[in-house]
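Content type mmCIF, C-alpha atoms; chains and numbers go by the auth columns, from the file my_file-v2.cif:
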```cif
data_input
#
loop_
_atom_site.group_PDB
_atom_site.id
_atom_site.type_symbol
_atom_site.label_atom_id
_atom_site.label_comp_id
_atom_site.label_asym_id
_atom_site.label_seq_id
_atom_site.Cartn_x
_atom_site.Cartn_y
_atom_site.Cartn_z
_atom_site.B_iso_or_equiv
_atom_site.auth_seq_id
_atom_site.auth_asym_id
ATOM 1 C CA MET A 1 -11.695 -9.621 -79.043 0.00 1 A
ATOM 2 C CA LYS A 2 -13.421 -10.690 -82.269 0.00 2 A
ATOM 3 C CA ALA A 3 -16.401 -13.034 -81.871 0.00 3 A
ATOM 4 C CA CYS A 4 -15.636 -16.687 -82.598 0.00 4 A
ATOM 5 C CA SER A 5 -17.503 -17.987 -85.643 0.00 5 A
ATOM 6 C CA PHE A 6 -17.369 -21.563 -84.300 0.00 6 A
ATOM 7 C CA CYS A 7 -19.043 -20.495 -81.042 0.00 7 A
ATOM 8 C CA ASP A 8 -22.145 -19.343 -82.952 0.00 8 A
ATOM 9 C CA LEU A 9 -22.499 -21.528 -86.038 0.00 9 A
ATOM 10 C CA LYS A 10 -26.121 -20.490 -86.586 0.00 10 A
ATOM 11 C CA LYS A 11 -24.957 -17.110 -87.876 0.00 11 A
ATOM 12 C CA ASP A 12 -23.362 -18.672 -90.960 0.00 12 A
ATOM 13 C CA PRO A 13 -25.872 -20.161 -93.426 0.00 13 A
ATOM 14 C CA ASN A 14 -23.019 -22.000 -95.202 0.00 14 A
ATOM 15 C CA ILE A 15 -22.338 -24.216 -92.173 0.00 15 A
ATOM 16 C CA LYS A 16 -24.128 -27.559 -92.002 0.00 16 A
ATOM 17 C CA VAL A 17 -23.947 -29.570 -88.774 0.00 17 A
ATOM 18 C CA PHE A 18 -24.132 -33.322 -89.373 0.00 18 A
ATOM 19 C CA PHE A 19 -23.310 -34.853 -85.977 0.00 19 A
ATOM 20 C CA THR A 20 -23.495 -33.424 -82.489 0.00 20 A
ATOM 21 C CA ASN A 21 -23.372 -34.448 -78.852 0.00 21 A
ATOM 22 C CA GLU A 22 -22.927 -32.578 -75.584 0.00 22 A
ATOM 23 C CA MET A 23 -19.161 -32.087 -76.072 0.00 23 A
ATOM 24 C CA VAL A 24 -18.337 -31.877 -79.800 0.00 24 A
ATOM 25 C CA LEU A 25 -19.922 -31.509 -83.213 0.00 25 A
ATOM 26 C CA HIS A 26 -19.065 -32.193 -86.833 0.00 26 A
ATOM 27 C CA CYS A 27 -19.829 -29.658 -89.537 0.00 27 A
ATOM 28 C CA GLN A 28 -19.020 -28.734 -93.108 0.00 28 A
ATOM 29 C CA ASN A 29 -18.780 -25.284 -94.637 0.00 29 A
ATOM 30 C CA GLU A 30 -20.275 -25.177 -98.127 0.00 30 A
ATOM 31 C CA LYS A 31 -17.892 -22.340 -99.097 0.00 31 A
ATOM 32 C CA HIS A 32 -14.858 -24.582 -98.543 0.00 32 A
ATOM 33 C CA GLN A 33 -15.926 -27.644 -100.515 0.00 33 A
ATOM 34 C CA GLY A 34 -14.119 -26.746 -103.783 0.00 34 A
ATOM 35 C CA SER A 35 -11.076 -29.012 -104.067 0.00 35 A
ATOM 36 C CA LEU A 36 -11.657 -30.444 -100.568 0.00 36 A
ATOM 37 C CA LYS A 37 -14.910 -32.222 -101.393 0.00 37 A
ATOM 38 C CA TYR A 38 -16.856 -33.506 -98.374 0.00 38 A
ATOM 39 C CA SER A 39 -14.264 -32.172 -95.910 0.00 39 A
ATOM 40 C CA GLY A 40 -15.336 -30.954 -92.505 0.00 40 A
ATOM 41 C CA VAL A 41 -14.233 -30.322 -88.962 0.00 41 A
ATOM 42 C CA ILE A 42 -14.972 -31.649 -85.497 0.00 42 A
ATOM 43 C CA ILE A 43 -15.045 -28.856 -82.943 0.00 43 A
ATOM 44 C CA PRO A 44 -15.603 -28.752 -79.187 0.00 44 A
ATOM 45 C CA VAL A 45 -18.897 -27.139 -78.156 0.00 45 A
ATOM 46 C CA LYS A 46 -17.081 -25.056 -75.536 0.00 46 A
ATOM 47 C CA HIS A 47 -14.538 -22.576 -76.799 0.00 47 A
ATOM 48 C CA ARG A 48 -11.015 -24.014 -76.672 0.00 48 A
ATOM 49 C CA GLU A 49 -8.229 -22.290 -78.580 0.00 49 A
ATOM 50 C CA THR A 50 -6.257 -25.383 -79.645 0.00 50 A
ATOM 51 C CA VAL A 51 -6.212 -29.152 -79.267 0.00 51 A
ATOM 52 C CA PHE A 52 -3.808 -28.617 -76.360 0.00 52 A
ATOM 53 C CA ASP A 53 -6.631 -26.923 -74.424 0.00 53 A
ATOM 54 C CA LEU A 54 -9.162 -29.751 -74.752 0.00 54 A
ATOM 55 C CA THR A 55 -10.193 -31.694 -71.682 0.00 55 A
ATOM 56 C CA GLU A 56 -9.638 -35.439 -71.576 0.00 56 A
ATOM 57 C CA ASN A 57 -13.377 -35.977 -72.086 0.00 57 A
ATOM 58 C CA GLU A 58 -13.414 -33.619 -75.082 0.00 58 A
ATOM 59 C CA ILE A 59 -10.523 -35.540 -76.629 0.00 59 A
ATOM 60 C CA LYS A 60 -12.356 -38.839 -76.133 0.00 60 A
ATOM 61 C CA ALA A 61 -15.560 -37.369 -77.579 0.00 61 A
ATOM 62 C CA THR A 62 -13.638 -35.993 -80.572 0.00 62 A
ATOM 63 C CA PHE A 63 -12.128 -39.349 -81.468 0.00 63 A
ATOM 64 C CA LYS A 64 -15.401 -41.183 -80.890 0.00 64 A
ATOM 65 C CA MET A 65 -17.086 -38.762 -83.298 0.00 65 A
ATOM 66 C CA LEU A 66 -14.212 -39.171 -85.776 0.00 66 A
ATOM 67 C CA LYS A 67 -15.132 -42.863 -86.060 0.00 67 A
ATOM 68 C CA GLU A 68 -18.799 -41.962 -86.613 0.00 68 A
ATOM 69 C CA VAL A 69 -17.921 -39.401 -89.284 0.00 69 A
ATOM 70 C CA ARG A 70 -15.601 -41.833 -91.046 0.00 70 A
ATOM 71 C CA THR A 71 -18.311 -44.502 -91.149 0.00 71 A
ATOM 72 C CA TRP A 72 -20.747 -41.949 -92.602 0.00 72 A
ATOM 73 C CA LEU A 73 -18.251 -40.661 -95.189 0.00 73 A
ATOM 74 C CA ASP A 74 -17.263 -44.214 -96.194 0.00 74 A
ATOM 75 C CA LYS A 75 -20.909 -45.165 -96.793 0.00 75 A
ATOM 76 C CA LYS A 76 -21.894 -41.946 -98.537 0.00 76 A
ATOM 77 C CA TYR A 77 -18.813 -41.072 -100.657 0.00 77 A
ATOM 78 C CA GLN A 78 -16.404 -44.078 -100.581 0.00 78 A
ATOM 79 C CA PRO A 79 -13.150 -42.056 -100.293 0.00 79 A
ATOM 80 C CA ASP A 80 -9.855 -43.794 -101.062 0.00 80 A
ATOM 81 C CA GLY A 81 -8.024 -42.246 -98.097 0.00 81 A
ATOM 82 C CA TYR A 82 -8.116 -39.506 -95.475 0.00 82 A
ATOM 83 C CA ASN A 83 -6.082 -36.658 -94.062 0.00 83 A
ATOM 84 C CA ILE A 84 -6.880 -35.865 -90.425 0.00 84 A
ATOM 85 C CA GLY A 85 -5.246 -32.970 -88.637 0.00 85 A
ATOM 86 C CA TRP A 86 -5.121 -29.956 -86.370 0.00 86 A
ATOM 87 C CA ASN A 87 -3.549 -26.560 -87.033 0.00 87 A
ATOM 88 C CA CYS A 88 -2.402 -24.799 -83.875 0.00 88 A
ATOM 89 C CA TYR A 89 -1.591 -21.096 -83.603 0.00 89 A
ATOM 90 C CA GLU A 90 -1.040 -18.831 -86.600 0.00 90 A
ATOM 91 C CA ILE A 91 2.424 -20.171 -87.518 0.00 91 A
ATOM 92 C CA GLY A 92 0.921 -23.674 -87.503 0.00 92 A
ATOM 93 C CA GLY A 93 -1.798 -22.591 -89.932 0.00 93 A
ATOM 94 C CA GLN A 94 -4.634 -21.796 -87.500 0.00 94 A
ATOM 95 C CA VAL A 95 -5.592 -18.416 -88.898 0.00 95 A
ATOM 96 C CA SER A 96 -9.274 -18.168 -88.055 0.00 96 A
ATOM 97 C CA PRO A 97 -11.172 -19.036 -86.043 0.00 97 A
ATOM 98 C CA HIS A 98 -9.022 -19.482 -82.976 0.00 98 A
ATOM 99 C CA HIS A 99 -11.237 -22.335 -81.821 0.00 99 A
ATOM 100 C CA ALA A 100 -9.839 -25.868 -81.828 0.00 100 A
ATOM 101 C CA HIS A 101 -10.988 -27.928 -84.793 0.00 101 A
ATOM 102 C CA MET A 102 -9.921 -31.277 -86.224 0.00 102 A
ATOM 103 C CA HIS A 103 -9.934 -31.354 -90.021 0.00 103 A
ATOM 104 C CA ILE A 104 -11.354 -34.464 -91.681 0.00 104 A
ATOM 105 C CA ILE A 105 -10.447 -34.481 -95.356 0.00 105 A
ATOM 106 C CA PRO A 106 -11.536 -37.450 -97.446 0.00 106 A
ATOM 107 C CA ARG A 107 -9.180 -38.099 -100.365 0.00 107 A
ATOM 108 C CA PHE A 108 -9.922 -39.603 -103.757 0.00 108 A
ATOM 109 C CA ARG A 109 -7.653 -41.309 -106.289 0.00 109 A
ATOM 110 C CA GLN A 110 -8.766 -39.001 -109.122 0.00 110 A
ATOM 111 C CA GLU A 111 -7.411 -35.890 -107.335 0.00 111 A
ATOM 112 C CA PRO A 112 -4.397 -34.243 -108.981 0.00 112 A
ATOM 113 C CA LEU A 113 -2.540 -34.481 -105.632 0.00 113 A
ATOM 114 C CA ALA A 114 -3.677 -38.026 -104.743 0.00 114 A
ATOM 115 C CA GLY A 115 -1.012 -39.742 -102.682 0.00 115 A
ATOM 116 C CA LYS A 116 0.388 -36.477 -101.319 0.00 116 A
ATOM 117 C CA GLY A 117 0.060 -36.205 -97.564 0.00 117 A
ATOM 118 C CA ILE A 118 -0.208 -33.166 -95.337 0.00 118 A
ATOM 119 C CA ARG A 119 3.576 -33.024 -94.941 0.00 119 A
ATOM 120 C CA THR A 120 4.297 -32.760 -98.675 0.00 120 A
ATOM 121 C CA LEU A 121 4.467 -28.965 -98.690 0.00 121 A
ATOM 122 C CA LEU A 122 6.213 -28.794 -95.315 0.00 122 A
ATOM 123 C CA LYS A 123 8.989 -31.129 -96.526 0.00 123 A
ATOM 124 C CA SER A 124 9.503 -29.203 -99.759 0.00 124 A
ATOM 125 C CA ASP A 125 12.637 -27.191 -100.542 0.00 125 A
ATOM 126 C CA GLN A 126 10.615 -23.951 -100.427 0.00 126 A
ATOM 127 C CA ASN A 127 10.053 -24.554 -96.694 0.00 127 A
ATOM 128 C CA ARG A 128 13.745 -24.982 -95.773 0.00 128 A
ATOM 129 C CA TRP A 129 15.260 -22.317 -93.519 0.00 129 A
#
```
Please express what this file holds, its structure, as structure tokens.
Amino acid sequence: MKACSFCDLKKDPNIKVFFTNEMVLHCQNEKHQGSLKYSGVIIPVKHRETVFDLTENEIKATFKMLKEVRTWLDKKYQPDGYNIGWNCYEIGGQVSPHHAHMHIIPRFRQEPLAGKGIRTLLKSDQNRW
């Protein structure tokens, strides 16, 4: 089994950890900041494959940290909106790593796709089957 990059964040110099506690942490990957400026993820410290595998305490810690991260992002960058979400399993968009992570994506009115939510592509005609 391939090593999990989220289980050993110190190996990747592009990862910056901003918030941490005994159960979860929030980080950003500098390589992925392009069109998703200031986006990051909250991940459990212990390896869990998906959100469905989190313990009740990990879920509580995740959402507590989400509030902290939002307060920080609001003060620092003043986004106009947010997308928050989980991808689970490969068909659901969780390609790598297979370690649960909640995406926090601040959105700004000057973006070309401002006002488009995470379901926009999924609801499109190209996704009909």
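You will find CA of Ser5 (chain A) at 6.4 Å from CA of Pro97 (chain A).
Those residues returned by the PyMOL selection byres ((chain A and resi 88) around 12) for this file are Arg48, Glu49, Thr50, Val51, Phe52, Asp53, Gly85, Trp86, Asn87, Tyr89, Glu90, Ile91, Gly92, Gly93, Gln94, Val95, Ser96, Pro97, His98, His99, Ala100, His101, Met102 and His103 of chain A.
In this structure, CA of Gln78 (chain A) sits 8.5 Å away from CA of Phe108 (chain A).
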Inset, instruction - Please provide the set of residues having any atom within 7 Å of Arg107 (chain A), restricted to only C-alpha atoms, with same-chain residues fewer than 6 positions apart removed, written as a PyMOL selection string. - result: chain A and resi 79-82
Inset, instruction - Would you mind telling me which residue in A:Val17, A:Pro106, A:Val24, A:Lys10 lies nearest to Thr71 (chain A) when using only C-alpha atoms? - result: A:Pro106
Enclose region 27-38 of chain A, meaning all of its atoms listed in the file, in a box aligned along x, y and z, pad it by 3 Å on each side, and list the centre and edge lengths in Å to one decimal, as lines of an AutoDock Vina configuration file.
```
center_x = -15.7
center_y = -27.9
center_z = -96.8
size_x = 15.2
size_y = 17.2
size_z = 20.5
```
Regenerate region 100-129 of chain A at the level of N, CA and C atoms and dump it as a short mmCIF file (atom, residue, chain, number, x, y, z; two decimals), in the frame of the given file.
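As a result, part-v1.cif now contains:
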```
data_model
loop_
_atom_site.label_atom_id
_atom_site.label_comp_id
_atom_site.auth_asym_id
_atom_site.auth_seq_id
_atom_site.Cartn_x
_atom_site.Cartn_y
_atom_site.Cartn_z
N ALA A 100 -10.38 -24.57 -81.43
CA ALA A 100 -9.84 -25.87 -81.83
C ALA A 100 -10.77 -26.55 -82.82
N HIS A 101 -10.20 -27.16 -83.84
CA HIS A 101 -10.99 -27.93 -84.79
C HIS A 101 -10.11 -28.96 -85.50
N MET A 102 -10.61 -30.18 -85.55
CA MET A 102 -9.92 -31.28 -86.22
C MET A 102 -10.45 -31.36 -87.65
N HIS A 103 -9.55 -31.24 -88.62
CA HIS A 103 -9.93 -31.35 -90.02
C HIS A 103 -10.08 -32.83 -90.40
N ILE A 104 -11.15 -33.13 -91.12
CA ILE A 104 -11.35 -34.46 -91.68
C ILE A 104 -11.49 -34.26 -93.18
N ILE A 105 -10.49 -34.72 -93.91
CA ILE A 105 -10.45 -34.48 -95.36
C ILE A 105 -10.41 -35.82 -96.08
N PRO A 106 -11.55 -36.23 -96.65
CA PRO A 106 -11.54 -37.45 -97.45
C PRO A 106 -10.75 -37.21 -98.74
N ARG A 107 -10.01 -38.22 -99.16
CA ARG A 107 -9.18 -38.10 -100.36
C ARG A 107 -9.61 -39.14 -101.40
N PHE A 108 -9.45 -38.77 -102.66
CA PHE A 108 -9.92 -39.60 -103.76
C PHE A 108 -8.82 -39.79 -104.79
N ARG A 109 -8.74 -40.98 -105.36
CA ARG A 109 -7.65 -41.31 -106.29
C ARG A 109 -7.63 -40.44 -107.53
N GLN A 110 -8.74 -39.84 -107.93
CA GLN A 110 -8.77 -39.00 -109.12
C GLN A 110 -8.26 -37.58 -108.87
N GLU A 111 -7.94 -37.22 -107.64
CA GLU A 111 -7.41 -35.89 -107.34
C GLU A 111 -6.03 -35.70 -107.98
N PRO A 112 -5.74 -34.50 -108.45
CA PRO A 112 -4.40 -34.24 -108.98
C PRO A 112 -3.29 -34.49 -107.95
N LEU A 113 -3.56 -34.28 -106.67
CA LEU A 113 -2.54 -34.48 -105.63
C LEU A 113 -2.77 -35.77 -104.83
N ALA A 114 -3.46 -36.74 -105.42
CA ALA A 114 -3.68 -38.03 -104.74
C ALA A 114 -2.33 -38.62 -104.36
N GLY A 115 -2.25 -39.14 -103.17
CA GLY A 115 -1.01 -39.74 -102.68
C GLY A 115 -0.09 -38.76 -101.97
N LYS A 116 -0.41 -37.49 -102.02
CA LYS A 116 0.39 -36.48 -101.32
C LYS A 116 -0.23 -36.23 -99.95
N GLY A 117 0.54 -36.40 -98.92
CA GLY A 117 0.06 -36.20 -97.56
C GLY A 117 0.18 -34.77 -97.11
N ILE A 118 -0.22 -34.53 -95.86
CA ILE A 118 -0.21 -33.17 -95.34
C ILE A 118 1.20 -32.62 -95.15
N ARG A 119 2.19 -33.48 -95.12
CA ARG A 119 3.58 -33.02 -94.94
C ARG A 119 4.27 -32.70 -96.25
N THR A 120 3.64 -32.97 -97.38
CA THR A 120 4.30 -32.76 -98.68
C THR A 120 4.84 -31.35 -98.81
N LEU A 121 4.02 -30.35 -98.56
CA LEU A 121 4.47 -28.96 -98.69
C LEU A 121 5.50 -28.61 -97.61
N LEU A 122 5.29 -29.12 -96.40
CA LEU A 122 6.21 -28.79 -95.32
C LEU A 122 7.61 -29.37 -95.55
N LYS A 123 7.70 -30.50 -96.25
CA LYS A 123 8.99 -31.13 -96.53
C LYS A 123 9.66 -30.57 -97.77
N SER A 124 8.97 -29.70 -98.49
CA SER A 124 9.50 -29.20 -99.76
C SER A 124 10.68 -28.26 -99.54
N ASP A 125 11.47 -28.10 -100.61
CA ASP A 125 12.64 -27.19 -100.54
C ASP A 125 12.21 -25.76 -100.23
N GLN A 126 11.04 -25.33 -100.68
CA GLN A 126 10.62 -23.95 -100.43
C GLN A 126 10.35 -23.68 -98.95
N ASN A 127 10.28 -24.74 -98.12
CA ASN A 127 10.05 -24.55 -96.69
C ASN A 127 11.34 -24.66 -95.87
N ARG A 128 12.46 -24.87 -96.52
CA ARG A 128 13.74 -24.98 -95.77
C ARG A 128 14.17 -23.61 -95.27
N TRP A 129 14.77 -23.59 -94.10
CA TRP A 129 15.26 -22.32 -93.52
C TRP A 129 16.57 -22.53 -92.81
#
```
